[in-house]
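S.K.: Data file protein-v3.pdb (PDB, C-alpha atoms) is appended below.
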```pdb
ATOM      1  CA  MET A   1      17.635 -69.255  15.580
ATOM      2  CA  ASN A   2      18.407 -72.306  17.700
ATOM      3  CA  LEU A   3      16.186 -73.793  20.417
ATOM      4  CA  GLU A   4      17.923 -72.023  23.282
ATOM      5  CA  GLN A   5      17.601 -68.635  21.594
ATOM      6  CA  ALA A   6      13.941 -69.309  20.832
ATOM      7  CA  LEU A   7      13.290 -70.288  24.463
ATOM      8  CA  ASP A   8      15.108 -67.200  25.756
ATOM      9  CA  THR A   9      13.210 -64.904  23.402
ATOM     10  CA  TYR A  10       9.869 -66.408  24.385
ATOM     11  CA  CYS A  11      10.616 -66.285  28.127
ATOM     12  CA  GLU A  12      11.832 -62.691  27.923
ATOM     13  CA  ALA A  13       8.640 -61.702  26.102
ATOM     14  CA  GLN A  14       6.523 -63.440  28.745
ATOM     15  CA  LYS A  15       8.493 -61.809  31.582
ATOM     16  CA  LEU A  16       7.837 -58.484  29.864
ATOM     17  CA  PHE A  17       4.131 -59.375  29.852
ATOM     18  CA  GLY A  18       4.327 -59.894  33.629
ATOM     19  CA  THR A  19       6.058 -56.552  34.007
ATOM     20  CA  ARG A  20       3.374 -54.877  31.911
ATOM     21  CA  MET A  21       0.711 -56.440  34.125
ATOM     22  CA  MET A  22       2.450 -54.945  37.156
ATOM     23  CA  LEU A  23       2.643 -51.545  35.437
ATOM     24  CA  LEU A  24      -1.041 -51.740  34.530
ATOM     25  CA  GLY A  25      -1.816 -52.503  38.166
ATOM     26  CA  CYS A  26       0.311 -49.582  39.345
ATOM     27  CA  GLY A  27      -1.457 -47.350  36.846
ATOM     28  CA  LEU A  28      -4.860 -48.398  38.154
ATOM     29  CA  MET A  29      -3.783 -47.824  41.750
ATOM     30  CA  THR A  30      -2.387 -44.399  40.805
ATOM     31  CA  PHE A  31      -5.705 -43.620  39.124
ATOM     32  CA  ALA A  32      -7.503 -44.636  42.328
ATOM     33  CA  VAL A  33      -5.286 -42.345  44.422
ATOM     34  CA  TYR A  34      -5.889 -39.505  41.969
ATOM     35  CA  LEU A  35      -9.655 -40.008  42.217
ATOM     36  CA  HIS A  36      -9.422 -40.109  45.997
ATOM     37  CA  PHE A  37      -7.807 -36.684  46.230
ATOM     38  CA  VAL A  38      -9.318 -34.906  43.237
ATOM     39  CA  GLU A  39     -12.821 -36.201  42.607
ATOM     40  CA  ASP A  40     -15.758 -36.754  44.932
ATOM     41  CA  GLY A  41     -19.029 -38.553  44.465
ATOM     42  CA  ARG A  42     -20.532 -42.036  44.347
ATOM     43  CA  LEU A  43     -19.414 -42.640  40.750
ATOM     44  CA  TYR A  44     -15.822 -41.878  41.648
ATOM     45  CA  ASP A  45     -16.044 -43.920  44.853
ATOM     46  CA  GLY A  46     -16.992 -46.960  42.796
ATOM     47  CA  MET A  47     -14.191 -46.290  40.327
ATOM     48  CA  LYS A  48     -11.480 -45.755  42.917
ATOM     49  CA  ILE A  49     -12.333 -48.743  45.126
ATOM     50  CA  THR A  50     -12.508 -51.063  42.133
ATOM     51  CA  ALA A  51      -9.365 -49.612  40.523
ATOM     52  CA  LEU A  52      -7.449 -49.954  43.788
ATOM     53  CA  ILE A  53      -8.457 -53.579  44.376
ATOM     54  CA  ILE A  54      -7.997 -54.674  40.764
ATOM     55  CA  GLY A  55      -4.721 -52.747  40.528
ATOM     56  CA  LEU A  56      -3.349 -54.538  43.567
ATOM     57  CA  LEU A  57      -4.413 -57.901  42.133
ATOM     58  CA  MET A  58      -2.768 -57.019  38.797
ATOM     59  CA  VAL A  59       0.506 -56.132  40.521
ATOM     60  CA  LEU A  60       0.465 -59.403  42.446
ATOM     61  CA  GLY A  61      -0.561 -61.436  39.398
ATOM     62  CA  GLY A  62       2.132 -59.818  37.263
ATOM     63  CA  ALA A  63       4.779 -60.456  39.912
ATOM     64  CA  PHE A  64       3.788 -64.109  40.249
ATOM     65  CA  TYR A  65       3.691 -64.567  36.467
ATOM     66  CA  HIS A  66       7.114 -62.933  36.091
ATOM     67  CA  SER A  67       8.494 -65.245  38.771
ATOM     68  CA  TYR A  68       6.881 -68.266  37.080
ATOM     69  CA  CYS A  69       8.528 -67.332  33.765
ATOM     70  CA  ILE A  70      11.943 -67.139  35.428
ATOM     71  CA  ARG A  71      11.481 -70.601  36.956
ATOM     72  CA  LEU A  72      10.150 -71.984  33.666
ATOM     73  CA  GLN A  73      13.121 -70.607  31.758
ATOM     74  CA  GLU A  74      15.594 -72.136  34.223
ATOM     75  CA  LYS A  75      13.818 -75.504  34.182
ATOM     76  CA  GLN A  76      13.459 -75.650  30.404
ATOM     77  CA  THR A  77      17.036 -74.477  29.793
ATOM     78  CA  GLN A  78      18.297 -77.265  32.037
ATOM     79  CA  LEU A  79      16.131 -79.809  30.211
ATOM     80  CA  LEU A  80      17.346 -78.496  26.861
ATOM     81  CA  GLN A  81      20.973 -78.914  27.904
ATOM     82  CA  GLU A  82      20.328 -82.444  29.175
ATOM     83  CA  ASP A  83      18.157 -83.768  26.326
ATOM     84  CA  ALA A  84      17.242 -81.542  23.368
ATOM     85  CA  THR A  85      14.923 -84.121  21.792
ATOM     86  CA  ARG A  86      12.873 -84.544  24.963
ATOM     87  CA  PHE A  87      12.821 -80.771  25.466
ATOM     88  CA  LYS A  88      11.445 -80.182  21.985
ATOM     89  CA  SER A  89       8.767 -82.857  22.217
ATOM     90  CA  GLU A  90       7.558 -81.687  25.644
ATOM     91  CA  GLU A  91       7.741 -78.022  24.724
ATOM     92  CA  VAL A  92       5.752 -78.456  21.505
ATOM     93  CA  VAL A  93       2.994 -80.194  23.481
ATOM     94  CA  ARG A  94       3.040 -77.509  26.200
ATOM     95  CA  MET A  95       2.956 -74.641  23.724
ATOM     96  CA  ALA A  96       0.214 -76.270  21.644
ATOM     97  CA  LYS A  97      -1.851 -76.415  24.838
ATOM     98  CA  VAL A  98      -1.078 -72.748  25.558
ATOM     99  CA  GLU A  99      -2.108 -71.802  22.027
ATOM    100  CA  LYS A 100      -5.289 -73.893  22.237
ATOM    101  CA  GLU A 101      -6.344 -72.351  25.566
ATOM    102  CA  PHE A 102      -5.566 -68.755  24.569
ATOM    103  CA  PRO A 103      -9.015 -68.099  23.031
ATOM    104  CA  ILE A 104     -10.661 -69.255  26.254
ATOM    105  CA  TYR A 105      -8.982 -66.407  28.137
ATOM    106  CA  GLN A 106     -10.051 -63.927  25.478
ATOM    107  CA  TRP A 107     -13.661 -65.150  25.695
ATOM    108  CA  VAL A 108     -13.575 -64.812  29.483
ATOM    109  CA  PHE A 109     -12.213 -61.267  29.227
ATOM    110  CA  GLY A 110     -14.873 -60.499  26.615
ATOM    111  CA  ALA A 111     -17.599 -61.879  28.885
ATOM    112  CA  ILE A 112     -16.333 -59.712  31.741
ATOM    113  CA  LEU A 113     -16.388 -56.697  29.400
ATOM    114  CA  ILE A 114     -19.994 -57.445  28.477
ATOM    115  CA  ALA A 115     -20.880 -57.904  32.144
ATOM    116  CA  ALA A 116     -19.297 -54.528  32.921
ATOM    117  CA  VAL A 117     -21.293 -52.875  30.140
ATOM    118  CA  LEU A 118     -24.474 -54.459  31.511
ATOM    119  CA  LEU A 119     -23.524 -53.307  35.008
ATOM    120  CA  ARG A 120     -23.123 -49.792  33.660
ATOM    121  CA  LEU A 121     -26.442 -49.902  31.833
ATOM    122  CA  LEU A 122     -28.475 -51.700  34.494
ATOM    123  CA  GLY A 123     -26.602 -50.841  37.686
ATOM    124  CA  PRO A 124     -28.798 -49.417  40.439
ATOM    125  CA  SER A 125     -26.563 -46.480  41.357
ATOM    126  CA  SER A 126     -23.664 -44.379  40.203
ATOM    127  CA  TYR A 127     -21.394 -46.341  42.571
ATOM    128  CA  TRP A 128     -21.985 -49.462  40.457
ATOM    129  CA  HIS A 129     -21.458 -47.443  37.292
ATOM    130  CA  GLY A 130     -18.069 -46.382  38.616
ATOM    131  CA  MET A 131     -17.155 -49.986  39.279
ATOM    132  CA  ALA A 132     -18.153 -50.834  35.710
ATOM    133  CA  TYR A 133     -15.912 -48.097  34.289
ATOM    134  CA  SER A 134     -12.878 -49.394  36.183
ATOM    135  CA  ILE A 135     -13.569 -52.941  35.005
ATOM    136  CA  LEU A 136     -13.999 -51.751  31.419
ATOM    137  CA  ILE A 137     -10.662 -49.956  31.534
ATOM    138  CA  LEU A 138      -8.901 -52.981  32.998
ATOM    139  CA  MET A 139     -10.373 -55.583  30.663
ATOM    140  CA  THR A 140      -9.732 -53.493  27.565
ATOM    141  CA  LEU A 141      -6.084 -52.981  28.507
ATOM    142  CA  GLN A 142      -5.725 -56.618  29.579
ATOM    143  CA  MET A 143      -7.027 -57.836  26.218
ATOM    144  CA  ILE A 144      -4.509 -55.579  24.454
ATOM    145  CA  LEU A 145      -1.682 -56.985  26.590
ATOM    146  CA  GLU A 146      -2.842 -60.537  25.910
ATOM    147  CA  SER A 147      -2.916 -59.918  22.162
ATOM    148  CA  ILE A 148       0.662 -58.648  22.291
ATOM    149  CA  SER A 149       1.623 -61.754  24.281
ATOM    150  CA  LYS A 150      -0.025 -63.954  21.637
ATOM    151  CA  ILE A 151       2.545 -62.776  19.098
ATOM    152  CA  SER A 152       5.401 -64.277  21.141
ATOM    153  CA  ILE A 153       3.433 -67.476  21.751
ATOM    154  CA  ASP A 154       2.845 -67.969  18.025
ATOM    155  CA  ALA A 155       6.434 -67.113  17.098
ATOM    156  CA  TYR A 156       7.858 -69.516  19.681
ATOM    157  CA  LEU A 157       5.579 -72.372  18.639
ATOM    158  CA  GLU A 158       6.495 -71.825  14.994
ATOM    159  CA  SER A 159      10.222 -71.840  15.811
ATOM    160  CA  LEU A 160       9.802 -75.039  17.835
ATOM    161  CA  LYS A 161       8.058 -76.750  14.956
ATOM    162  CA  SER A 162      10.569 -75.567  12.369
ATOM    163  CA  LEU A 163      13.736 -76.498  14.274
TER     164      LEU A 163
END
```
For the structure just supplied, provide its representation as C-alpha cells.

M.R.:
Amino acid sequence: MNLEQALDTYCEAQKLFGTRMMLLGCGLMTFAVYLHFVEDGRLYDGMKITALIIGLLMVLGGAFYHSYCIRLQEKQTQLLQEDATRFKSEEVVRMAKVEKEFPIYQWVFGAILIAAVLLRLLGPSSYWHGMAYSILILMTLQMILESISKISIDAYLESLKSL
C-alpha cells in the first residue's frame, strides 16, 4: 500500500466514525421520542431530556468531525502530491500525537461513566437516575466507537512508519 492509499483508507475510516457518531446521536434522539410518547414518569423524563440533548450534540459533533476529515484528506492529499517527504514527516508526528492522546479520551469517557454510576447510586430522585442511564448508554457506545476508530489509527501509523 502506498502513502496515498494509506491516507485514503485512514480518512475513510475516520469519516465513517463521524457517520457512526451521527447515527448514535439519531438513535438517542429516537429513543427520547419513543420515551416521550410511550413512557411516563420522572425516571423517563430524565432519560428522554438527556438522550435528546446528548443525541443532538452527537449529531452535530459527528457532522463536524466528518467535515474535518474531508478537509484533512484534501489538505494532506495536496501536500502529498507536492512533497511526499514533508508529508510523511509531518503526518508521522501528527499521528503519533493522535495515538499518544487517545488514552486521555478513554480515561475521560471512563470518568464520565463512573460519574454516571455515582449519579445513579447517589442521585436524589428518579429524574437524576434517568439522566444517569442515558449517559451510561452514550458513554458505553462512544467507548466502543472509539475503540473501533483506534484500529484505523494504529494501522495508518504503522503504514506511515513502514513506507

S.K.: Where's the centre, and what are the edge lengths in Å to one decimal, of a box along x, y and z enclosing all listed atoms of region 94-97 of chain A padded 6 Å per side, as lines of an AutoDock Vina configuration file?

M.R.:
```
center_x = 0.6
center_y = -76.1
center_z = 23.9
size_x = 16.9
size_y = 14.9
size_z = 16.6
```

S.K.: In terms of the shortest atom-to-atom distance over only C-alpha atoms, which of A:Gln14, A:Ser159, A:Ser125, A:Ser149 is closest to Glu91 (chain A)?

M.R.: A:Ser159

S.K.: Selected by the PyMOL selection byres ((chain A and resi 119) around 10) in the shown coordinates: which residues, as a list in words?

M.R.: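 Written out, the selection comes to Leu113, Ile114, Ala115, Ala116, Val117, Leu118, Arg120, Leu121, Leu122, Gly123, Pro124, Ser125, Trp128, His129, Gly130, Met131, Ala132, Tyr133 and Ile135 of chain A.
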
S.K.: What is the distance between CA of Gly18 (chain A) and CA of Ala51 (chain A), in Å to one decimal?

M.R.: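 It comes out at 18.5 Å.
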
S.K.: Can you turn the PyMOL selection byres ((chain A and resi 139) around 12) into a concrete residue list for this file, as JSON, numbers by chain?

M.R.: {"A": [21, 24, 25, 28, 51, 54, 55, 58, 105, 106, 107, 108, 109, 110, 111, 112, 113, 114, 115, 116, 117, 132, 133, 134, 135, 136, 137, 138, 140, 141, 142, 143, 144, 145, 146]}

S.K.: Name the closest residue to Glu4 (chain A) among the candidates A:Phe87, A:Met95, A:Ser126, A:Met29; distances are taken between atoms, counting all atoms listed in the file.

M.R.: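 Among A:Phe87, A:Met95, A:Ser126, A:Met29, it is A:Phe87 that comes nearest to Glu4 (chain A).
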
S.K.: CA of Asp8 (chain A) and CA of Ala96 (chain A), how far apart in Å?

M.R.: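 So the two atoms, CA of Ala96 (chain A) and CA of Asp8 (chain A), lie 17.9 Å apart.
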
S.K.: Mind checking which residues fall within 8 Å of Thr19 (chain A), counting all atoms listed in the file, ignoring those fewer than 2 positions away in the same chain, and posting them as a PyMOL selection string?

M.R.: chain A and resi 15-17+21-23+62-63+66

S.K.: Taking into account all atoms listed in the file, which residue in the set A:Leu80, A:Ile148, A:Cys69, A:Ile153 is nearest to Lys97 (chain A)?

M.R.: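 Among the listed residues, the smallest separation from Lys97 (chain A) belongs to A:Ile153.
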
S.K.: Report the distance between CA of Glu99 (chain A) and CA of Arg86 (chain A) in Å, rounded to one decimal place.

M.R.: 19.9 Å

S.K.: Which of these, A:Glu12, A:Ile151, A:Ser162, A:Tyr127, has the shortest distance to Arg42 (chain A) once you count all atoms listed in the file?

M.R.: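 Ranked by minimum distance to Arg42 (chain A), first place goes to A:Tyr127.
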